[in-house]
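Below is input09.pdb, which holds PDB, C-alpha atoms.
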ATOM      1  CA  LYS M1184       9.659   4.693 -17.652  1.00  0.00           C
ATOM      2  CA  ASP M1185       6.986   2.190 -16.731  1.00  0.00           C
ATOM      3  CA  TYR M1186       4.033   3.494 -14.755  1.00  0.00           C
ATOM      4  CA  VAL M1187       0.453   2.815 -13.752  1.00  0.00           C
ATOM      5  CA  GLU M1188      -2.376   5.300 -13.373  1.00  0.00           C
ATOM      6  CA  ILE M1189      -6.063   5.331 -12.629  1.00  0.00           C
ATOM      7  CA  VAL M1190      -8.179   7.074 -15.248  1.00  0.00           C
ATOM      8  CA  GLY M1191     -11.803   7.201 -14.171  1.00  0.00           C
ATOM      9  CA  ASP M1192     -12.573   3.657 -13.102  1.00  0.00           C
ATOM     10  CA  THR M1193      -9.843   2.091 -15.248  1.00  0.00           C
ATOM     11  CA  LEU M1194      -6.377   1.004 -14.133  1.00  0.00           C
ATOM     12  CA  GLN M1195      -3.981   1.689 -17.004  1.00  0.00           C
ATOM     13  CA  VAL M1196      -0.547   0.079 -17.142  1.00  0.00           C
ATOM     14  CA  TYR M1197       2.160   1.574 -19.361  1.00  0.00           C
ATOM     15  CA  VAL M1198       5.256  -0.554 -19.845  1.00  0.00           C
ATOM     16  CA  GLU M1199       8.009  -0.371 -22.418  1.00  0.00           C
ATOM     17  CA  ASN M1200       8.510  -4.141 -22.397  1.00  0.00           C
ATOM     18  CA  GLN M1201       5.113  -5.818 -22.470  1.00  0.00           C
ATOM     19  CA  GLU M1202       6.284  -9.067 -20.915  1.00  0.00           C
ATOM     20  CA  GLU M1203       4.352 -10.337 -17.912  1.00  0.00           C
ATOM     21  CA  ASP M1204       7.187  -9.607 -15.455  1.00  0.00           C
ATOM     22  CA  ALA M1205       7.359  -5.945 -16.505  1.00  0.00           C
ATOM     23  CA  VAL M1206       3.615  -5.541 -15.981  1.00  0.00           C
ATOM     24  CA  LYS M1207       3.787  -7.275 -12.575  1.00  0.00           C
ATOM     25  CA  THR M1208       6.677  -5.071 -11.477  1.00  0.00           C
ATOM     26  CA  ALA M1209       4.888  -1.877 -12.526  1.00  0.00           C
ATOM     27  CA  LEU M1210       1.682  -2.941 -10.755  1.00  0.00           C
ATOM     28  CA  LYS M1211       3.487  -3.933  -7.566  1.00  0.00           C
ATOM     29  CA  ARG M1212       5.340  -0.589  -7.439  1.00  0.00           C
ATOM     30  CA  PHE M1213       2.039   1.246  -7.970  1.00  0.00           C
ATOM     31  CA  PHE M1214       0.297  -0.712  -5.202  1.00  0.00           C
ATOM     32  CA  TYR M1215       3.230  -0.237  -2.775  1.00  0.00           C
ATOM     33  CA  GLN M1216       3.129   3.539  -3.279  1.00  0.00           C
ATOM     34  CA  ASN M1217      -0.632   3.743  -2.962  1.00  0.00           C
ATOM     35  CA  CYS M1218      -0.682   1.472   0.073  1.00  0.00           C
ATOM     36  CA  LYS M1219       1.783   3.723   1.928  1.00  0.00           C
ATOM     37  CA  ALA M1220      -0.380   6.789   1.216  1.00  0.00           C
ATOM     38  CA  LEU M1221      -3.583   4.976   2.201  1.00  0.00           C
ATOM     39  CA  VAL M1222      -2.115   3.609   5.431  1.00  0.00           C
ATOM     40  CA  GLN M1223      -0.796   7.037   6.426  1.00  0.00           C
ATOM     41  CA  GLU M1224      -4.214   8.590   5.755  1.00  0.00           C
ATOM     42  CA  ARG M1225      -6.023   5.909   7.782  1.00  0.00           C
ATOM     43  CA  ILE M1226      -3.584   6.278  10.678  1.00  0.00           C
ATOM     44  CA  ARG M1227      -4.239  10.033  10.729  1.00  0.00           C
ATOM     45  CA  TYR M1228      -7.983   9.304  10.716  1.00  0.00           C
ATOM     46  CA  TYR M1229      -7.861   6.878  13.655  1.00  0.00           C
ATOM     47  CA  GLN M1230      -4.992   8.510  15.603  1.00  0.00           C
ATOM     48  CA  PRO M1231      -7.256  10.565  17.939  1.00  0.00           C
ATOM     49  CA  GLN M1232      -8.560   7.279  19.373  1.00  0.00           C
ATOM     50  CA  PHE M1233      -5.097   6.173  20.550  1.00  0.00           C
ATOM     51  CA  SER M1234      -2.754   7.562  23.179  1.00  0.00           C
ATOM     52  CA  THR M1235       0.440   6.686  21.312  1.00  0.00           C
ATOM     53  CA  LYS M1236       1.688   7.403  17.799  1.00  0.00           C
ATOM     54  CA  PRO M1237       3.617   5.063  15.521  1.00  0.00           C
ATOM     55  CA  LYS M1238       7.319   5.787  15.215  1.00  0.00           C
ATOM     56  CA  SER M1239       7.530   4.466  11.661  1.00  0.00           C
ATOM     57  CA  ILE M1240       5.413   2.827   8.989  1.00  0.00           C
ATOM     58  CA  PHE M1241       6.652   0.214   6.555  1.00  0.00           C
ATOM     59  CA  ILE M1242       5.026  -1.502   3.586  1.00  0.00           C
ATOM     60  CA  ALA M1243       6.135  -5.078   2.986  1.00  0.00           C
ATOM     61  CA  ASP M1244       5.430  -8.204   0.973  1.00  0.00           C
ATOM     62  CA  ASP M1245       4.341 -10.524   3.780  1.00  0.00           C
ATOM     63  CA  HIS M1246       2.758 -13.836   2.862  1.00  0.00           C
ATOM     64  CA  LYS M1247       1.288 -14.474   6.323  1.00  0.00           C
ATOM     65  CA  ASN M1248       0.184 -11.164   7.863  1.00  0.00           C
ATOM     66  CA  TRP M1249      -1.886  -8.141   6.877  1.00  0.00           C
ATOM     67  CA  GLY M1250       0.041  -6.063   9.374  1.00  0.00           C
ATOM     68  CA  THR M1251       2.232  -6.172  12.442  1.00  0.00           C
ATOM     69  CA  CYS M1252       3.540  -3.863  15.144  1.00  0.00           C
ATOM     70  CA  ASN M1253       6.370  -4.160  17.621  1.00  0.00           C
ATOM     71  CA  GLY M1254       7.448  -2.659  20.916  1.00  0.00           C
ATOM     72  CA  LYS M1255       9.378   0.077  19.101  1.00  0.00           C
ATOM     73  CA  ARG M1256       6.062   1.432  17.712  1.00  0.00           C
ATOM     74  CA  GLU M1257       7.000   0.334  14.206  1.00  0.00           C
ATOM     75  CA  LEU M1258       4.030  -0.651  12.051  1.00  0.00           C
ATOM     76  CA  THR M1259       4.347  -2.898   9.015  1.00  0.00           C
ATOM     77  CA  PHE M1260       1.504  -3.417   6.552  1.00  0.00           C
ATOM     78  CA  ASN M1261       1.077  -5.790   3.637  1.00  0.00           C
ATOM     79  CA  TRP M1262       0.986  -3.923   0.305  1.00  0.00           C
ATOM     80  CA  LYS M1263      -2.011  -6.011  -0.793  1.00  0.00           C
ATOM     81  CA  LEU M1264      -4.195  -4.140   1.721  1.00  0.00           C
ATOM     82  CA  VAL M1265      -4.588  -1.357  -0.820  1.00  0.00           C
ATOM     83  CA  MET M1266      -6.681  -3.720  -2.958  1.00  0.00           C
ATOM     84  CA  ALA M1267      -9.174  -4.402  -0.140  1.00  0.00           C
ATOM     85  CA  PRO M1268     -12.280  -2.248   0.313  1.00  0.00           C
ATOM     86  CA  LEU M1269     -12.315   0.241   3.182  1.00  0.00           C
ATOM     87  CA  CYS M1270     -14.564  -0.723   6.056  1.00  0.00           C
ATOM     88  CA  SER M1271     -17.965   1.001   6.012  1.00  0.00           C
ATOM     89  CA  SER M1272     -17.218   3.091   9.121  1.00  0.00           C
ATOM     90  CA  ALA M1273     -14.376   4.907   7.342  1.00  0.00           C
TER      91      ALA M1273
END

Can I see the file as structure tokens?
Amino acid sequence: KDYVEIVGDTLQVYVENQEEDAVKTALKRFFYQNCKALVQERIRYYQPQFSTKPKSIFIADDHKNWGTCNGKRELTFNWKLVMAPLCSSA
């Protein structure tokens, strides 16, 4: 099974088929999973400042937005956010 892990300060990609598409797929899956965990952690951190809670959280591949919300309290975040540095107040 293909997988990606962080060892120290190195991102290591393990793929059976070393073609570019296999590496891209493994990296994208890794970033999706890590983005969901990061977003959930950041929402827990900032939640005390808001009077409402999100109903659901989605991670998507959006080419135009970093994140969106709707009237149903559904939040959607771009998976590429996980590659951005956290703001200094975090």

Selection near stretch 1219-1223 of chain M, 12 Å with only C-alpha atoms, sequence-local residues under 6 positions removed, as number ranges by chain: M: 1212-1213, 1229-1230, 1236-1237, 1239-1243, 1249-1250, 1258-1269, 1273

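Note that the spacing between atom CA of M:Val1196 and atom CA of M:Arg1225 amounts to 26.2 Å.
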
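If you look at atom CA of M:Val1187 and atom CA of M:Gln1201, they are 13.1 Å away from each other.
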
Would you compute an axis-aligned box for stretch 1228-1234 of chain M, covering every atom listed for it in the file with 8 Å of margin on each side, and report centre and edge lengths in Å to one decimal as lines of an AutoDock Vina configuration file?
center_x = -5.7
center_y = 8.4
center_z = 16.9
size_x = 21.8
size_y = 20.4
size_z = 28.5

Selection under test: the PyMOL selection byres ((chain M and resi 1210) around 12); residues as a ChimeraX atom specification: /M:1185-1189,1194-1198,1203-1209,1211-1218,1262-1263,1265-1266

One-decimal distance in Å that lies between atom CA of M:Arg1256 and atom CA of M:Lys1238: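 That distance, rounded to one decimal, is 5.2 Å.
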